[in-house]
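Enquirer: Before I ask anything, let me first share the structure, which is written out below as structure tokens.
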Amino acid sequence: MKGGIEFALVMLFGMMFCAIAIGMIGVLTQLHDARLLQETIVSSIEHHDSDQVAQLFNNQTICPTCSYQLELQHDHRILVTVLFPIRIPVIDYRTLGRISAMTTPIK
């Protein structure tokens, strides 16, 4: 009887931690996709004309749930901010993540 209760407790907590770990892996993949989109936008801005960049990312498929913002800074740099959803369904946690990067000075 004691062994059965111990086994049930170990399985209960073990499965809970496995479910949370799977949710955290999902967060890491979302972060990876958002970072890939951000790096692609920064690279495209640095190597293309500004009119071409707007057309490149209107229908982007790298991260379909992400959104991005471009903001011109005073020192001829562009701040690229990517917003992406973070969800951990096991604990019903939802929020928006934000990553930002700046381009090299553009003249």
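Chain labels follow the order of the structure tokens: the first chain is A, the next B, and so on; residue numbering restarts at 1 in every chain, and ligands are counted from 1 in their shown order.
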Name the residues in contact with A:Ala101 at a cut-off of 8 Å, using only C-alpha atoms, excluding same-chain residues fewer than 5 positions from it; report them as JSON, numbers by chain.
Expert: {"A": [38, 42, 79, 80, 81]}
Enquirer: Write out as a PyMOL selection string which residues come within 8 Å of stretch 84-86 of chain A when counting only C-alpha atoms, dropping same-chain ones fewer than 5 positions away.
Expert: chain A and resi 27+30-31+34+65-67+93-98
Enquirer: Output N, CA and C atoms for every residue in that selection, as an mmCIF file, in the first residue's frame.
Expert:
```
data_model
loop_
_atom_site.group_PDB
_atom_site.id
_atom_site.type_symbol
_atom_site.label_atom_id
_atom_site.label_comp_id
_atom_site.auth_asym_id
_atom_site.auth_seq_id
_atom_site.Cartn_x
_atom_site.Cartn_y
_atom_site.Cartn_z
ATOM 1 N N VAL A 27 7.929 27.774 -25.349
ATOM 2 C CA VAL A 27 8.354 29.168 -25.196
ATOM 3 C C VAL A 27 9.696 29.382 -25.891
ATOM 4 N N GLN A 30 9.153 29.638 -29.603
ATOM 5 C CA GLN A 30 8.574 30.939 -29.945
ATOM 6 C C GLN A 30 9.637 32.029 -29.914
ATOM 7 N N LEU A 31 10.496 31.984 -28.910
ATOM 8 C CA LEU A 31 11.588 32.953 -28.807
ATOM 9 C C LEU A 31 12.554 32.807 -29.983
ATOM 10 N N ALA A 34 10.949 34.331 -33.109
ATOM 11 C CA ALA A 34 10.940 35.790 -33.027
ATOM 12 C C ALA A 34 12.339 36.347 -33.247
ATOM 13 N N THR A 65 2.805 34.472 -35.879
ATOM 14 C CA THR A 65 2.134 35.087 -34.736
ATOM 15 C C THR A 65 2.865 36.325 -34.219
ATOM 16 N N CYS A 66 3.983 36.665 -34.838
ATOM 17 C CA CYS A 66 4.784 37.813 -34.385
ATOM 18 C C CYS A 66 4.378 39.082 -35.127
ATOM 19 N N SER A 67 4.639 40.203 -34.486
ATOM 20 C CA SER A 67 4.485 41.500 -35.139
ATOM 21 C C SER A 67 5.763 42.288 -34.892
ATOM 22 N N TYR A 93 -0.736 30.614 -18.567
ATOM 23 C CA TYR A 93 0.060 31.835 -18.553
ATOM 24 C C TYR A 93 0.155 32.380 -19.965
ATOM 25 N N ARG A 94 -0.220 33.639 -20.148
ATOM 26 C CA ARG A 94 -0.158 34.289 -21.461
ATOM 27 C C ARG A 94 0.356 35.704 -21.294
ATOM 28 N N THR A 95 1.303 36.063 -22.123
ATOM 29 C CA THR A 95 1.839 37.418 -22.125
ATOM 30 C C THR A 95 2.499 37.684 -23.473
ATOM 31 N N LEU A 96 2.992 38.879 -23.668
ATOM 32 C CA LEU A 96 3.718 39.237 -24.879
ATOM 33 C C LEU A 96 5.189 39.406 -24.549
ATOM 34 N N GLY A 97 6.035 38.776 -25.355
ATOM 35 C CA GLY A 97 7.469 38.975 -25.231
ATOM 36 C C GLY A 97 7.926 40.034 -26.208
ATOM 37 N N ARG A 98 9.027 40.680 -25.900
ATOM 38 C CA ARG A 98 9.537 41.747 -26.750
ATOM 39 C C ARG A 98 11.046 41.603 -26.850
#
```
Enquirer: To one decimal place in Å, what is the distance between atom CA of A:Ile5 and atom CA of A:Cys18?
Expert: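 Separation between atom CA of A:Ile5 and atom CA of A:Cys18: 19.7 Å.
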Enquirer: What does the distance from atom CA of A:Gln69 to atom CA of A:Met102 come to in Å, to one decimal?
Expert: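 Taking atom CA of A:Gln69 as the start and atom CA of A:Met102 as the end point, the length is 11.7 Å.
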Enquirer: So how far away is atom CA of A:Gly26 from atom CA of A:Ser43, in Å?
Expert: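 Computed distance, atom CA of A:Ser43 to atom CA of A:Gly26, equals 25.8 Å.
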Enquirer: Please identify the strand (DSSP E) residues within chain A (assignment by DSSP from backbone atoms) and present them as JSON, numbers by chain.
Expert: {"A": [67, 68, 69, 70, 71, 72, 78, 79, 80, 81, 82, 83, 84, 85, 86, 87, 88, 93, 94, 95, 96, 97, 98, 99, 100, 101, 102]}
Enquirer: Identify, with DSSP run on backbone atoms, the residues in chain A assigned to alpha helix (DSSP H), and express the list as a PyMOL selection string.
Expert: chain A and resi 2-47+50-56
Enquirer: With C-alpha atoms retained, export the selected residues as an mmCIF file, in the first residue's frame.
Expert:
```cif
data_model
loop_
_atom_site.group_PDB
_atom_site.id
_atom_site.type_symbol
_atom_site.label_atom_id
_atom_site.label_comp_id
_atom_site.auth_asym_id
_atom_site.auth_seq_id
_atom_site.Cartn_x
_atom_site.Cartn_y
_atom_site.Cartn_z
ATOM 1 C CA LYS A 2 2.766 2.419 0.908
ATOM 2 C CA GLY A 3 4.572 1.702 -2.361
ATOM 3 C CA GLY A 4 1.423 2.401 -4.370
ATOM 4 C CA ILE A 5 0.894 5.782 -2.726
ATOM 5 C CA GLU A 6 4.534 6.732 -3.239
ATOM 6 C CA PHE A 7 4.324 5.676 -6.886
ATOM 7 C CA ALA A 8 1.144 7.723 -7.374
ATOM 8 C CA LEU A 9 2.754 10.825 -5.851
ATOM 9 C CA VAL A 10 5.900 10.431 -7.933
ATOM 10 C CA MET A 11 3.832 10.008 -11.109
ATOM 11 C CA LEU A 12 1.609 12.985 -10.254
ATOM 12 C CA PHE A 13 4.471 15.391 -9.618
ATOM 13 C CA GLY A 14 6.647 13.887 -12.339
ATOM 14 C CA MET A 15 3.965 14.334 -14.986
ATOM 15 C CA MET A 16 3.288 17.880 -13.793
ATOM 16 C CA PHE A 17 6.941 18.804 -14.191
ATOM 17 C CA CYS A 18 7.066 17.092 -17.607
ATOM 18 C CA ALA A 19 4.042 19.106 -18.758
ATOM 19 C CA ILE A 20 5.662 22.357 -17.551
ATOM 20 C CA ALA A 21 8.925 21.394 -19.283
ATOM 21 C CA ILE A 22 7.072 20.811 -22.560
ATOM 22 C CA GLY A 23 5.462 24.260 -22.171
ATOM 23 C CA MET A 24 8.885 25.816 -21.605
ATOM 24 C CA ILE A 25 10.193 24.152 -24.775
ATOM 25 C CA GLY A 26 7.285 25.794 -26.605
ATOM 26 C CA VAL A 27 8.354 29.168 -25.196
ATOM 27 C CA LEU A 28 11.904 28.567 -26.410
ATOM 28 C CA THR A 29 10.701 27.779 -29.935
ATOM 29 C CA GLN A 30 8.574 30.939 -29.945
ATOM 30 C CA LEU A 31 11.588 32.953 -28.807
ATOM 31 C CA HIS A 32 13.727 31.324 -31.505
ATOM 32 C CA ASP A 33 11.225 32.190 -34.254
ATOM 33 C CA ALA A 34 10.940 35.790 -33.027
ATOM 34 C CA ARG A 35 14.734 36.163 -32.865
ATOM 35 C CA LEU A 36 15.046 34.747 -36.388
ATOM 36 C CA LEU A 37 12.492 37.276 -37.659
ATOM 37 C CA GLN A 38 14.269 40.125 -35.884
ATOM 38 C CA GLU A 39 17.691 39.169 -37.245
ATOM 39 C CA THR A 40 16.259 38.747 -40.755
ATOM 40 C CA ILE A 41 14.682 42.209 -40.646
ATOM 41 C CA VAL A 42 17.875 43.826 -39.338
ATOM 42 C CA SER A 43 19.950 42.092 -42.013
ATOM 43 C CA SER A 44 17.512 43.088 -44.749
ATOM 44 C CA ILE A 45 17.476 46.716 -43.642
ATOM 45 C CA GLU A 46 21.256 46.871 -43.645
ATOM 46 C CA HIS A 47 21.567 45.313 -47.112
ATOM 47 C CA SER A 50 14.047 50.870 -47.402
ATOM 48 C CA ASP A 51 11.231 50.503 -49.959
ATOM 49 C CA GLN A 52 12.207 46.907 -50.640
ATOM 50 C CA VAL A 53 12.212 46.027 -46.927
ATOM 51 C CA ALA A 54 8.577 47.053 -46.442
ATOM 52 C CA GLN A 55 7.560 44.788 -49.326
ATOM 53 C CA LEU A 56 9.662 41.857 -48.100
#
```
